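**Student:** Dropping a structure here in structure tokens format, bear with me for questions.
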Amino acid sequence: MNNKIKPCFVYCGRQDCSDMHSWGPGIRTNYIIHYIVRGKGSFVNGGKTYALSAGQSFLIRPFDEVCYFPDSNDPWEYTWIDFDGEEYVRLLKKIGFCESDCIIGKIESEKILIFYEMLSLLSANKNQLYTADGLARTILGTYADCYPVSVRSSEDSYFESARLMIHGFYHRPEFGLPYICDNLGISRATLHRSFKKNCGASPGAYLLNYRIERAGELLERGSSVKSTALSCGFQDPLYFSKVFSSALGISPREYRRRFINK
């Protein structure tokens, strides 16, 4: 079985929010980084609100519930890059986020905005996808140059890299521990040791628990059991129901009913 997942650049654009344009609450299926060109606004992720201003950036990860809106007195304008793929995830893990895993510190527009502008022009042309892909990597590389991750032990780095892969690819049924080990170039034993050290759980348990958590969020929003299973990396809805019930002590159908009947 071929575990390789090909990278795929998606889109880039720009939004002036002087009309108070906002988005959410909702979820995205790709990674999206917004760079704030001017003004101020707020980004809400995981129930926490971040007040942001020009030069800062915020990252939306697949299937995180988020919303963002401009400041009423000084509405922001931002540009964004929307992407998905293993090569981009590898670059993301090199960025030292200033707050949680979603906020990147200020970067002068002269250092990065030109790449966003060029990318916005190229991404609309299917004949320029390879050039667009290169610019997307340049943007992520610029972030990593300005805010590199702190030096960690090898096992800590393996854990963080694997954790980011899980958060990015958990919804794909072909994704699993062999894929992580192949891409990090480590053994199952090393992966297991890094997870036990950093979070006290095995990598398999972490992946399963993460899938169950995301599934619960979808069920709470009214997603069907079958759709939820497929959206969280389970090819067999019956197997999904079994592991969900085992983990939470309640079937996904009953769990969903509790929320849609409120």
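Residue numbers start at 1 in each chain; chains themselves are named A, B, ... in the order of the structure tokens; ligands are numbered from 1 in the order shown.
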Find the spatial neighbours of Tyr210 in chain A, counting only C-alpha atoms, within a cut-off of 9 Å - ignore same-chain residues fewer than 5 positions away - and output them as a VMD selection string.
**Tutor:** chain A and resid 166 to 167 170 205 215
**Student:** Pull C-alpha atoms from the residues just selected and write them as a JSON list (two decimals), in the first residue's frame.
**Tutor:**
[["chain", "number", "residue", "atom", "x", "y", "z"],
["A", 166, "ILE", "CA", -2.25, 13.64, 13.32],
["A", 167, "HIS", "CA", -4.02, 16.99, 13.53],
["A", 170, "TYR", "CA", -6.57, 12.25, 10.99],
["A", 205, "ALA", "CA", -4.35, 5.88, 21.57],
["A", 215, "ALA", "CA", -16.23, 13.14, 15.85]]
**Student:** Can you write out as a tab-separated table which residues of range 47-75 of chain A fall within 12 Å of range 87-100 of chain A, alongside each residue's closest atom pair and its distance in Å to one decimal, counting only C-alpha atoms and ordering rows by chain and ascending residue number?
**Tutor:**
residue	atom	partner	partner_atom	distance
A:Lys48	CA	A:Ser100	CA	10.0
A:Thr49	CA	A:Glu99	CA	11.1
A:Tyr50	CA	A:Glu99	CA	8.9
A:Ala51	CA	A:Glu99	CA	11.4
A:Leu52	CA	A:Glu99	CA	11.4
A:Gln56	CA	A:Cys98	CA	10.0
A:Ser57	CA	A:Phe97	CA	9.7
A:Phe58	CA	A:Phe97	CA	9.3
A:Leu59	CA	A:Phe97	CA	9.4
A:Ile60	CA	A:Leu92	CA	11.8
A:Arg61	CA	A:Val89	CA	10.4
A:Pro62	CA	A:Val89	CA	11.5
**Student:** So which residues touch His171 in chain A within 8 Å, counting only C-alpha atoms, skipping near sequence neighbours fewer than 3 positions away, as a list of chain:residue names?
**Tutor:**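 Near neighbours after the sequence-gap exclusion: A:Gly168, A:Phe175, A:Arg211, A:Leu230, A:Ser231, A:Cys232, A:Gly233, A:Phe234.
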**Student:** Which polymer residues have any atom within 8 Å of an atom of range 222-224 of chain A, counting only C-alpha atoms, with same-chain residues fewer than 4 positions away left out, as an MDAnalysis selection string?
**Tutor:** chainID A and resid 218 228 256 259:260
**Student:** Would you export the selected residues with N, CA and C atoms as a PDB file, in the first residue's frame, please?
**Tutor:**
ATOM      1  N   LEU A 218     -18.486  17.047  15.619  1.00  0.00           N
ATOM      2  CA  LEU A 218     -19.347  16.989  14.441  1.00  0.00           C
ATOM      3  C   LEU A 218     -20.747  16.494  14.793  1.00  0.00           C
ATOM      4  N   THR A 228     -20.022  11.538   9.912  1.00  0.00           N
ATOM      5  CA  THR A 228     -19.017  11.798  10.948  1.00  0.00           C
ATOM      6  C   THR A 228     -17.903  10.763  10.884  1.00  0.00           C
ATOM      7  N   ARG A 256     -25.484  12.164  19.499  1.00  0.00           N
ATOM      8  CA  ARG A 256     -25.997  13.173  18.574  1.00  0.00           C
ATOM      9  C   ARG A 256     -27.393  13.617  18.991  1.00  0.00           C
ATOM     10  N   PHE A 259     -27.880  16.406  21.594  1.00  0.00           N
ATOM     11  CA  PHE A 259     -27.626  17.793  21.200  1.00  0.00           C
ATOM     12  C   PHE A 259     -28.678  18.339  20.238  1.00  0.00           C
ATOM     13  N   ILE A 260     -29.148  17.526  19.333  1.00  0.00           N
ATOM     14  CA  ILE A 260     -30.114  18.037  18.345  1.00  0.00           C
ATOM     15  C   ILE A 260     -31.500  18.192  18.950  1.00  0.00           C
TER      16      ILE A 260
END
**Student:** Please identify all polymer residues within 12 Å of Cys181 in chain A, counting only C-alpha atoms, omitting same-chain residues fewer than 2 positions from it, and present them as a list in words.
**Tutor:** Asn3, Tyr158, Phe159, Ser161, Ala162, Met165, Ile166, Phe175, Gly176, Leu177, Pro178, Tyr179, Asn183, Leu184, Gly185, Ile186, Ser187, Arg188, Ala189, Thr190, Leu191, His192, Ser194 and Pro203 of chain A
**Student:** Please identify all polymer residues within 10 Å of Lys106 in chain A, counting only C-alpha atoms, omitting same-chain residues fewer than 3 positions from it, and present them as number ranges by chain.
**Tutor:** A: 35-36, 52-57, 98, 103, 109, 143, 146-147
**Student:** Convert the current residue selection to file output with all heavy atoms, as a short mmCIF file (atom, residue, chain, number, x, y, z; two decimals), in the first residue's frame.
**Tutor:**
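Done, and the output landed in out_6.cif:
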data_model
loop_
_atom_site.label_atom_id
_atom_site.label_comp_id
_atom_site.auth_asym_id
_atom_site.auth_seq_id
_atom_site.Cartn_x
_atom_site.Cartn_y
_atom_site.Cartn_z
N TYR A 35 -2.61 36.69 7.00
CA TYR A 35 -1.65 37.73 7.37
C TYR A 35 -2.39 39.06 7.40
O TYR A 35 -3.04 39.44 6.41
CB TYR A 35 -0.49 37.80 6.38
CG TYR A 35 0.47 38.95 6.66
CD1 TYR A 35 1.43 38.85 7.65
CD2 TYR A 35 0.38 40.14 5.93
CE1 TYR A 35 2.29 39.91 7.92
CE2 TYR A 35 1.24 41.20 6.18
CZ TYR A 35 2.19 41.08 7.18
OH TYR A 35 3.04 42.12 7.44
N ILE A 36 -2.33 39.76 8.52
CA ILE A 36 -3.08 41.01 8.68
C ILE A 36 -2.26 42.16 8.08
O ILE A 36 -1.18 42.51 8.57
CB ILE A 36 -3.37 41.29 10.16
CG1 ILE A 36 -4.12 40.09 10.77
CG2 ILE A 36 -4.21 42.56 10.31
CD1 ILE A 36 -4.24 40.14 12.28
N LEU A 52 -5.79 40.76 17.58
CA LEU A 52 -4.65 40.82 16.67
C LEU A 52 -4.60 42.13 15.93
O LEU A 52 -5.61 42.83 15.79
CB LEU A 52 -4.73 39.65 15.69
CG LEU A 52 -4.83 38.25 16.31
CD1 LEU A 52 -5.04 37.21 15.23
CD2 LEU A 52 -3.59 37.94 17.13
N SER A 53 -3.42 42.46 15.42
CA SER A 53 -3.24 43.72 14.68
C SER A 53 -2.29 43.50 13.51
O SER A 53 -1.75 42.41 13.31
CB SER A 53 -2.71 44.80 15.62
OG SER A 53 -1.47 44.41 16.21
N ALA A 54 -2.08 44.56 12.75
CA ALA A 54 -1.28 44.49 11.52
C ALA A 54 0.08 43.85 11.77
O ALA A 54 0.76 44.13 12.75
CB ALA A 54 -1.12 45.89 10.95
N GLY A 55 0.46 42.95 10.85
CA GLY A 55 1.74 42.28 10.93
C GLY A 55 1.67 40.89 11.54
O GLY A 55 2.54 40.06 11.30
N GLN A 56 0.62 40.65 12.32
CA GLN A 56 0.45 39.33 12.91
C GLN A 56 -0.28 38.39 11.94
O GLN A 56 -0.91 38.84 10.99
CB GLN A 56 -0.33 39.41 14.22
CG GLN A 56 0.43 40.08 15.36
CD GLN A 56 -0.37 40.08 16.65
OE1 GLN A 56 -1.35 40.80 16.79
NE2 GLN A 56 0.05 39.26 17.61
N SER A 57 -0.22 37.10 12.23
CA SER A 57 -0.89 36.09 11.41
C SER A 57 -1.58 35.08 12.31
O SER A 57 -1.13 34.83 13.43
CB SER A 57 0.11 35.37 10.50
OG SER A 57 0.80 36.27 9.66
N CYS A 98 3.56 31.96 18.58
CA CYS A 98 3.70 32.80 19.77
C CYS A 98 2.65 32.48 20.83
O CYS A 98 2.89 32.63 22.02
CB CYS A 98 3.62 34.27 19.38
SG CYS A 98 4.98 34.80 18.31
N ILE A 103 -1.20 31.39 16.56
CA ILE A 103 -0.85 32.80 16.37
C ILE A 103 0.64 32.94 16.09
O ILE A 103 1.48 32.42 16.82
CB ILE A 103 -1.21 33.65 17.61
CG1 ILE A 103 -2.68 33.45 17.98
CG2 ILE A 103 -0.90 35.12 17.34
CD1 ILE A 103 -3.67 33.83 16.90
N SER A 109 5.69 43.92 6.69
CA SER A 109 5.05 43.60 5.42
C SER A 109 6.07 43.48 4.28
O SER A 109 5.87 42.70 3.35
CB SER A 109 4.00 44.66 5.07
OG SER A 109 4.60 45.94 4.96
N TYR A 143 7.98 32.62 7.51
CA TYR A 143 7.49 32.54 8.88
C TYR A 143 8.48 31.78 9.77
O TYR A 143 8.77 32.19 10.90
CB TYR A 143 6.13 31.83 8.92
CG TYR A 143 4.95 32.68 8.53
CD1 TYR A 143 4.14 32.32 7.46
CD2 TYR A 143 4.64 33.84 9.24
CE1 TYR A 143 3.04 33.09 7.10
CE2 TYR A 143 3.54 34.61 8.90
CZ TYR A 143 2.75 34.24 7.82
OH TYR A 143 1.67 35.01 7.47
N CYS A 146 11.56 33.84 10.62
CA CYS A 146 11.30 34.91 11.59
C CYS A 146 10.97 34.36 12.97
O CYS A 146 11.31 34.97 13.99
CB CYS A 146 10.16 35.79 11.10
SG CYS A 146 10.53 36.76 9.61
N TYR A 147 10.30 33.21 12.99
CA TYR A 147 9.90 32.61 14.27
C TYR A 147 10.21 31.11 14.25
O TYR A 147 9.31 30.28 14.13
CB TYR A 147 8.41 32.85 14.54
CG TYR A 147 8.09 34.30 14.81
CD1 TYR A 147 7.64 35.12 13.78
CD2 TYR A 147 8.26 34.84 16.08
CE1 TYR A 147 7.36 36.46 14.01
CE2 TYR A 147 7.98 36.18 16.32
CZ TYR A 147 7.54 36.98 15.29
OH TYR A 147 7.27 38.31 15.52
#
**Student:** Could you jot down the CA of Glu213 in chain A to CA of Val243 in chain A separation for me, Å, one decimal place?
**Tutor:**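 These two atoms are separated by 11.9 Å.
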**Student:** For each of A:Asn30, A:Val37, A:Phe115, A:Asp19, take the minimum atom-to-atom distance to Asn73 in chain A, counting only C-alpha atoms, then give the residue where this is smallest.
**Tutor:**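 Ranked by minimum distance to Asn73 in chain A, first place goes to A:Asp19.
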**Student:** Write out as a ChimeraX atom specification which residues come within 12 Å of Ile114 in chain A when counting only C-alpha atoms, dropping same-chain ones fewer than 3 positions away.
**Tutor:** /A:35,37,79,108-111,117-121,135-136,138-139,142
